[in-house]
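What follows is the content of entry-v4.txt (compact mmCIF, C-alpha atoms).
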```txt
# COMPACT_ATOMS: atom_id res chain seq x y z
CA MET S 18 10.20 6.29 -13.87
CA SER S 19 12.91 8.39 -15.42
CA GLU S 20 13.93 11.63 -13.73
CA GLN S 21 12.84 13.61 -16.81
CA HIS S 22 9.39 12.00 -16.87
CA PHE S 23 8.99 12.59 -13.13
CA LYS S 24 9.84 16.29 -13.54
CA GLU S 25 7.38 16.66 -16.43
CA LEU S 26 4.61 14.90 -14.48
CA LYS S 27 5.31 16.99 -11.39
CA LYS S 28 5.14 20.23 -13.40
CA PHE S 29 1.95 19.08 -15.13
CA THR S 30 0.31 18.13 -11.81
CA LEU S 31 1.25 21.39 -10.10
CA ASN S 32 0.03 23.42 -13.10
CA ASN S 33 -3.36 21.67 -12.93
CA GLN S 34 -3.78 21.33 -9.16
CA ASN S 35 -6.47 24.00 -8.82
CA ASN S 36 -8.53 23.04 -11.86
CA GLU S 37 -12.04 21.75 -11.23
CA ALA S 38 -12.04 19.51 -14.31
CA LEU S 39 -9.46 16.85 -15.05
CA PRO S 40 -7.07 17.61 -17.91
CA THR S 41 -7.80 15.98 -21.26
CA GLY S 42 -6.77 12.34 -21.26
CA TRP S 43 -7.01 11.95 -17.47
CA ARG S 44 -9.73 10.18 -15.50
CA GLU S 45 -10.52 9.18 -11.94
CA LEU S 46 -10.26 5.50 -11.03
CA SER S 47 -13.17 3.81 -9.30
CA GLY S 48 -12.65 1.88 -6.08
CA ILE S 49 -12.80 -1.37 -8.05
CA GLU S 50 -10.12 -0.13 -10.47
CA ILE S 51 -7.95 1.06 -7.56
CA ARG S 52 -8.20 -2.39 -6.03
CA SER S 53 -7.22 -4.14 -9.26
CA GLN S 54 -4.30 -1.79 -10.00
CA MET S 55 -2.82 -1.30 -6.54
CA VAL S 56 -3.53 -4.28 -4.27
CA GLY S 57 -0.70 -6.75 -3.88
CA LYS S 58 1.87 -4.25 -5.13
CA ASP S 59 4.42 -1.83 -3.73
CA PHE S 60 4.42 1.88 -4.53
CA ALA S 61 6.45 4.97 -3.91
CA GLY S 62 4.34 8.04 -3.23
CA HIS S 63 6.28 11.19 -4.07
CA GLN S 64 4.99 14.21 -2.17
CA ILE S 65 5.41 17.03 -4.66
CA GLN S 66 4.09 20.10 -2.88
CA MET S 67 6.36 20.21 0.14
CA LYS S 68 9.62 22.15 0.36
CA ARG S 69 11.39 18.85 0.86
CA ASN S 70 9.76 16.27 -1.39
CA ARG S 71 9.45 13.04 0.56
CA ARG S 72 9.12 9.57 -0.90
CA LEU S 73 6.89 7.26 1.10
CA ILE S 74 6.74 3.52 0.50
CA TYR S 75 3.35 1.80 0.44
CA GLU S 76 3.04 -2.00 0.52
CA ILE S 77 -0.62 -2.77 -0.09
CA LYS S 78 -1.41 -6.36 0.85
CA PRO S 79 -4.54 -8.21 -0.36
CA ASN S 80 -5.75 -8.88 3.21
CA GLY S 81 -6.51 -5.24 4.09
CA ILE S 82 -3.14 -4.69 5.75
CA MET S 83 -0.56 -2.29 4.41
CA TYR S 84 2.80 -0.89 5.46
CA ARG S 85 3.56 2.79 5.08
CA GLY S 86 6.78 4.63 5.76
CA LEU S 87 10.05 6.06 4.55
CA GLY S 88 11.72 2.68 4.10
CA GLU S 89 12.32 -0.71 5.63
CA TYR S 90 13.17 0.54 9.13
CA SER S 91 10.64 3.34 9.30
CA ARG S 92 7.30 1.73 8.54
CA SER S 93 4.02 1.37 10.34
CA GLU S 94 1.36 -1.27 9.87
CA CYS S 95 -1.96 0.13 8.78
CA SER S 96 -5.22 -1.00 7.33
CA TRP S 97 -6.63 0.00 3.97
CA SER S 98 -10.01 -0.16 2.28
CA THR S 99 -11.66 1.19 -0.83
CA ASP S 100 -15.00 2.84 -1.36
CA GLU S 101 -16.71 3.80 -4.59
CA HIS S 102 -14.12 6.45 -5.54
CA SER S 103 -11.06 6.19 -3.31
CA ILE S 104 -8.58 4.21 -1.24
CA ILE S 105 -8.43 4.90 2.49
CA PHE S 106 -5.28 4.44 4.57
CA ASP S 107 -6.01 4.08 8.29
CA CYS S 108 -2.66 4.30 10.08
CA PRO S 109 -1.60 5.32 13.59
CA GLU S 110 -2.01 9.10 13.70
CA VAL S 111 -2.75 9.21 9.94
CA TYR S 112 -6.07 8.75 8.18
CA HIS S 113 -5.94 9.56 4.48
CA ARG S 114 -8.56 9.18 1.78
CA TRP S 115 -6.88 9.27 -1.64
CA PHE S 116 -8.54 9.76 -5.01
CA ILE S 117 -6.47 8.19 -7.81
CA PHE S 118 -6.21 9.67 -11.30
CA THR S 119 -4.59 8.20 -14.40
CA ASN S 120 -3.80 9.05 -17.98
CA GLY S 121 -3.49 5.35 -18.75
CA THR S 122 0.17 5.19 -17.80
CA ASP S 123 0.80 7.42 -14.79
CA LEU S 124 -0.94 7.51 -11.41
CA VAL S 125 -1.48 10.67 -9.36
CA ALA S 126 -3.15 10.57 -5.96
CA MET S 127 -5.02 13.50 -4.41
CA ARG S 128 -6.32 13.97 -0.91
CA ILE S 129 -8.17 16.92 0.58
CA PHE S 130 -7.24 18.27 4.00
CA ASP S 131 -8.64 21.47 5.51
CA GLY S 132 -10.02 22.45 2.11
CA ARG S 133 -6.67 22.14 0.35
CA ARG S 134 -5.65 19.55 -2.23
CA TYR S 135 -2.46 17.55 -1.76
CA PHE S 136 -0.94 15.46 -4.55
CA ASN S 137 1.41 12.50 -4.72
CA ILE S 138 2.90 11.01 -7.84
CA ILE S 139 2.50 7.25 -7.47
CA GLU S 140 5.14 4.95 -8.92
CA GLU S 141 5.00 1.16 -8.81
CA ILE S 142 8.25 -0.19 -7.39
CA THR S 143 9.81 -3.43 -6.22
CA PHE S 144 10.54 -2.76 -2.56
CA GLN S 145 13.69 -4.54 -1.46
CA ARG S 146 13.33 -6.07 2.00
CA ASN S 147 16.44 -7.15 3.87
```
Target format structure tokens, applied to this file:
Amino acid sequence: MSEQHFKELKKFTLNNQNNEALPTGWRELSGIEIRSQMVGKDFAGHQIQMKRNRRLIYEIKPNGIMYRGLGEYSRSECSWSTDEHSIIFDCPEVYHRWFIFTNGTDLVAMRIFDGRRYFNIIEEITFQRN
């Protein structure tokens, strides 16, 4: 994803983060669609609401195992599952249920914690393992 496109998507997401309805052209993926689009692939999840935007790497394996972390040397093994509307990451000290939205090209993930919405821009990557 180009830097310009990332900035535009970040601005768009932050401008729409409190809306109850999805913006025109966006829709929520079902659990089946999440499975078909994300399983067996690697992703970068860009946290866009923090003062220091972190980039987490997610390796989602077909067998229900995933790896989550900041890179090759800072990863934890977790399990994942999907339900009707979301993907759930069950990691040591972290349990996240993410809803995935798309405009057909881009993926944005949202989770709710203590009544607040948190968003990640999701980018498919090829994670280089040494």
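You can rank S:Asn70, S:Ser53, S:Ser103, S:Ser96 by their closest distance to Lys27 in chain S using all atoms listed in the file, and at the top of that list sits S:Asn70.
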* May I have the residues within 10 Å of Glu50 in chain S as a list of chain:residue names, using only C-alpha atoms and disregarding those fewer than 2 positions away in the same chain? => S:Glu45, S:Leu46, S:Ser47, S:Gly48, S:Arg52, S:Ser53, S:Gln54, S:Met55, S:Val56, S:Thr99, S:Glu101, S:His102, S:Ser103, S:Ile117
Neighbouring residues of Leu39 in chain S were defined as those with any atom within 10 Å, considering only C-alpha atoms; residues of the same chain fewer than 6 positions away were excluded. Please report them as a PDB file with C-alpha atoms, in the frame of the given file.
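Listing of result27.pdb after writing:
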```pdb
ATOM      1  CA  ASN S  33      -3.360  21.670 -12.930  1.00  0.00           C
ATOM      2  CA  GLU S  45     -10.520   9.180 -11.940  1.00  0.00           C
ATOM      3  CA  PHE S 118      -6.210   9.670 -11.300  1.00  0.00           C
ATOM      4  CA  THR S 119      -4.590   8.200 -14.400  1.00  0.00           C
TER       5      THR S 119
END
```
* Structure fact -> Min atom-atom distance to Arg133 in chain S from the set S:Gln66, S:Thr30, S:Gln21, S:Asn120, counting all atoms listed in the file, belongs to S:Gln66
* Which residues, written as an NGL selection string, have at least one atom at most 9 Å from Cys108 in chain S, with only C-alpha atoms counted and residues fewer than 3 positions away on the same chain left out? -> :S and (83-85 or 93-97 or 111-113)
* Asked: At what distance in Å, to one decimal, does CA of Glu76 in chain S lie from CA of Ile142 in chain S?
  -> 9.6 Å
With all heavy atoms as the atom set, please write range 101-114 of chain S from the structure just given, as a PDB file, in the first residue's frame.
```
ATOM      1  N   GLU S 101     -20.043 -15.848  13.142  1.00  0.00           N
ATOM      2  CA  GLU S 101     -20.864 -15.369  12.039  1.00  0.00           C
ATOM      3  C   GLU S 101     -20.397 -14.030  11.469  1.00  0.00           C
ATOM      4  O   GLU S 101     -20.507 -13.771  10.277  1.00  0.00           O
ATOM      5  CB  GLU S 101     -22.315 -15.243  12.503  1.00  0.00           C
ATOM      6  CG  GLU S 101     -23.284 -14.965  11.383  1.00  0.00           C
ATOM      7  CD  GLU S 101     -24.728 -14.964  11.851  1.00  0.00           C
ATOM      8  OE1 GLU S 101     -25.002 -15.307  13.014  1.00  0.00           O
ATOM      9  OE2 GLU S 101     -25.587 -14.598  11.038  1.00  0.00           O
ATOM     10  N   HIS S 102     -19.816 -13.159  12.333  1.00  0.00           N
ATOM     11  CA  HIS S 102     -19.490 -11.798  11.900  1.00  0.00           C
ATOM     12  C   HIS S 102     -18.075 -11.334  12.204  1.00  0.00           C
ATOM     13  O   HIS S 102     -17.763 -10.166  11.992  1.00  0.00           O
ATOM     14  CB  HIS S 102     -20.450 -10.800  12.568  1.00  0.00           C
ATOM     15  CG  HIS S 102     -21.876 -11.021  12.200  1.00  0.00           C
ATOM     16  ND1 HIS S 102     -22.384 -10.690  10.973  1.00  0.00           N
ATOM     17  CD2 HIS S 102     -22.892 -11.556  12.908  1.00  0.00           C
ATOM     18  CE1 HIS S 102     -23.670 -11.003  10.932  1.00  0.00           C
ATOM     19  NE2 HIS S 102     -24.001 -11.538  12.088  1.00  0.00           N
ATOM     20  N   SER S 103     -17.207 -12.201  12.730  1.00  0.00           N
ATOM     21  CA  SER S 103     -15.916 -11.686  13.169  1.00  0.00           C
ATOM     22  C   SER S 103     -14.850 -12.772  13.190  1.00  0.00           C
ATOM     23  O   SER S 103     -15.138 -13.950  13.049  1.00  0.00           O
ATOM     24  CB  SER S 103     -16.044 -11.068  14.569  1.00  0.00           C
ATOM     25  OG  SER S 103     -16.424 -12.061  15.506  1.00  0.00           O
ATOM     26  N   ILE S 104     -13.604 -12.313  13.399  1.00  0.00           N
ATOM     27  CA  ILE S 104     -12.481 -13.209  13.653  1.00  0.00           C
ATOM     28  C   ILE S 104     -12.003 -12.933  15.071  1.00  0.00           C
ATOM     29  O   ILE S 104     -11.937 -11.775  15.502  1.00  0.00           O
ATOM     30  CB  ILE S 104     -11.346 -13.042  12.606  1.00  0.00           C
ATOM     31  CG1 ILE S 104     -10.264 -14.110  12.813  1.00  0.00           C
ATOM     32  CG2 ILE S 104     -10.768 -11.633  12.593  1.00  0.00           C
ATOM     33  CD1 ILE S 104      -9.290 -14.243  11.642  1.00  0.00           C
ATOM     34  N   ILE S 105     -11.712 -14.000  15.793  1.00  0.00           N
ATOM     35  CA  ILE S 105     -11.314 -13.885  17.196  1.00  0.00           C
ATOM     36  C   ILE S 105      -9.875 -14.352  17.317  1.00  0.00           C
ATOM     37  O   ILE S 105      -9.518 -15.430  16.836  1.00  0.00           O
ATOM     38  CB  ILE S 105     -12.234 -14.736  18.088  1.00  0.00           C
ATOM     39  CG1 ILE S 105     -13.665 -14.184  18.012  1.00  0.00           C
ATOM     40  CG2 ILE S 105     -11.742 -14.752  19.524  1.00  0.00           C
ATOM     41  CD1 ILE S 105     -14.687 -15.186  17.684  1.00  0.00           C
ATOM     42  N   PHE S 106      -9.044 -13.515  17.936  1.00  0.00           N
ATOM     43  CA  PHE S 106      -7.655 -13.855  18.229  1.00  0.00           C
ATOM     44  C   PHE S 106      -7.558 -14.143  19.715  1.00  0.00           C
ATOM     45  O   PHE S 106      -7.830 -13.271  20.536  1.00  0.00           O
ATOM     46  CB  PHE S 106      -6.714 -12.699  17.890  1.00  0.00           C
ATOM     47  CG  PHE S 106      -6.687 -12.302  16.438  1.00  0.00           C
ATOM     48  CD1 PHE S 106      -6.211 -11.064  16.066  1.00  0.00           C
ATOM     49  CD2 PHE S 106      -7.116 -13.154  15.432  1.00  0.00           C
ATOM     50  CE1 PHE S 106      -6.165 -10.679  14.733  1.00  0.00           C
ATOM     51  CE2 PHE S 106      -7.077 -12.780  14.098  1.00  0.00           C
ATOM     52  CZ  PHE S 106      -6.597 -11.542  13.754  1.00  0.00           C
ATOM     53  N   ASP S 107      -7.166 -15.353  20.069  1.00  0.00           N
ATOM     54  CA  ASP S 107      -7.022 -15.756  21.467  1.00  0.00           C
ATOM     55  C   ASP S 107      -5.538 -15.994  21.729  1.00  0.00           C
ATOM     56  O   ASP S 107      -4.998 -17.047  21.406  1.00  0.00           O
ATOM     57  CB  ASP S 107      -7.843 -17.015  21.727  1.00  0.00           C
ATOM     58  CG  ASP S 107      -7.951 -17.354  23.202  1.00  0.00           C
ATOM     59  OD1 ASP S 107      -7.378 -16.612  24.030  1.00  0.00           O
ATOM     60  OD2 ASP S 107      -8.604 -18.364  23.513  1.00  0.00           O
ATOM     61  N   CYS S 108      -4.892 -14.966  22.282  1.00  0.00           N
ATOM     62  CA  CYS S 108      -3.448 -14.977  22.510  1.00  0.00           C
ATOM     63  C   CYS S 108      -3.169 -14.844  24.006  1.00  0.00           C
ATOM     64  O   CYS S 108      -4.034 -14.400  24.760  1.00  0.00           O
ATOM     65  CB  CYS S 108      -2.796 -13.796  21.786  1.00  0.00           C
ATOM     66  SG  CYS S 108      -3.135 -13.737  20.015  1.00  0.00           S
ATOM     67  N   PRO S 109      -1.950 -15.188  24.435  1.00  0.00           N
ATOM     68  CA  PRO S 109      -1.611 -14.957  25.841  1.00  0.00           C
ATOM     69  C   PRO S 109      -1.822 -13.480  26.192  1.00  0.00           C
ATOM     70  O   PRO S 109      -1.304 -12.601  25.521  1.00  0.00           O
ATOM     71  CB  PRO S 109      -0.130 -15.343  25.930  1.00  0.00           C
ATOM     72  CG  PRO S 109       0.090 -16.266  24.769  1.00  0.00           C
ATOM     73  CD  PRO S 109      -0.850 -15.791  23.691  1.00  0.00           C
ATOM     74  N   GLU S 110      -2.630 -13.240  27.183  1.00  0.00           N
ATOM     75  CA  GLU S 110      -2.922 -11.898  27.691  1.00  0.00           C
ATOM     76  C   GLU S 110      -3.682 -11.009  26.711  1.00  0.00           C
ATOM     77  O   GLU S 110      -3.869  -9.827  26.978  1.00  0.00           O
ATOM     78  CB  GLU S 110      -1.644 -11.193  28.154  1.00  0.00           C
ATOM     79  CG  GLU S 110      -0.919 -11.939  29.253  1.00  0.00           C
ATOM     80  CD  GLU S 110       0.335 -11.232  29.702  1.00  0.00           C
ATOM     81  OE1 GLU S 110       0.442 -10.010  29.515  1.00  0.00           O
ATOM     82  OE2 GLU S 110       1.216 -11.921  30.234  1.00  0.00           O
ATOM     83  N   VAL S 111      -4.096 -11.533  25.555  1.00  0.00           N
ATOM     84  CA  VAL S 111      -4.844 -10.739  24.580  1.00  0.00           C
ATOM     85  C   VAL S 111      -5.969 -11.602  24.006  1.00  0.00           C
ATOM     86  O   VAL S 111      -5.717 -12.700  23.515  1.00  0.00           O
ATOM     87  CB  VAL S 111      -3.935 -10.261  23.424  1.00  0.00           C
ATOM     88  CG1 VAL S 111      -4.735  -9.564  22.348  1.00  0.00           C
ATOM     89  CG2 VAL S 111      -2.838  -9.354  23.939  1.00  0.00           C
ATOM     90  N   TYR S 112      -7.176 -11.086  24.091  1.00  0.00           N
ATOM     91  CA  TYR S 112      -8.318 -11.736  23.456  1.00  0.00           C
ATOM     92  C   TYR S 112      -9.054 -10.652  22.689  1.00  0.00           C
ATOM     93  O   TYR S 112      -9.624  -9.744  23.292  1.00  0.00           O
ATOM     94  CB  TYR S 112      -9.234 -12.376  24.505  1.00  0.00           C
ATOM     95  CG  TYR S 112     -10.429 -13.076  23.911  1.00  0.00           C
ATOM     96  CD1 TYR S 112     -10.343 -14.391  23.496  1.00  0.00           C
ATOM     97  CD2 TYR S 112     -11.637 -12.408  23.753  1.00  0.00           C
ATOM     98  CE1 TYR S 112     -11.440 -15.045  22.943  1.00  0.00           C
ATOM     99  CE2 TYR S 112     -12.734 -13.044  23.201  1.00  0.00           C
ATOM    100  CZ  TYR S 112     -12.636 -14.358  22.805  1.00  0.00           C
ATOM    101  OH  TYR S 112     -13.720 -14.987  22.258  1.00  0.00           O
ATOM    102  N   HIS S 113      -8.983 -10.702  21.374  1.00  0.00           N
ATOM    103  CA  HIS S 113      -9.601  -9.670  20.543  1.00  0.00           C
ATOM    104  C   HIS S 113     -10.616 -10.297  19.604  1.00  0.00           C
ATOM    105  O   HIS S 113     -10.340 -11.316  18.977  1.00  0.00           O
ATOM    106  CB  HIS S 113      -8.561  -8.946  19.683  1.00  0.00           C
ATOM    107  CG  HIS S 113      -7.671  -8.052  20.454  1.00  0.00           C
ATOM    108  ND1 HIS S 113      -6.564  -7.474  19.899  1.00  0.00           N
ATOM    109  CD2 HIS S 113      -7.699  -7.608  21.729  1.00  0.00           C
ATOM    110  CE1 HIS S 113      -5.948  -6.722  20.787  1.00  0.00           C
ATOM    111  NE2 HIS S 113      -6.622  -6.801  21.907  1.00  0.00           N
ATOM    112  N   ARG S 114     -11.745  -9.649  19.503  1.00  0.00           N
ATOM    113  CA  ARG S 114     -12.758 -10.006  18.500  1.00  0.00           C
ATOM    114  C   ARG S 114     -12.810  -8.843  17.515  1.00  0.00           C
ATOM    115  O   ARG S 114     -13.154  -7.720  17.880  1.00  0.00           O
ATOM    116  CB  ARG S 114     -14.116 -10.209  19.155  1.00  0.00           C
ATOM    117  CG  ARG S 114     -15.197 -10.581  18.165  1.00  0.00           C
ATOM    118  CD  ARG S 114     -16.516 -10.811  18.879  1.00  0.00           C
ATOM    119  NE  ARG S 114     -17.500 -11.290  17.934  1.00  0.00           N
ATOM    120  CZ  ARG S 114     -18.781 -11.028  18.026  1.00  0.00           C
ATOM    121  NH1 ARG S 114     -19.244 -10.306  19.042  1.00  0.00           N
ATOM    122  NH2 ARG S 114     -19.617 -11.494  17.133  1.00  0.00           N
TER     123      ARG S 114
END
```
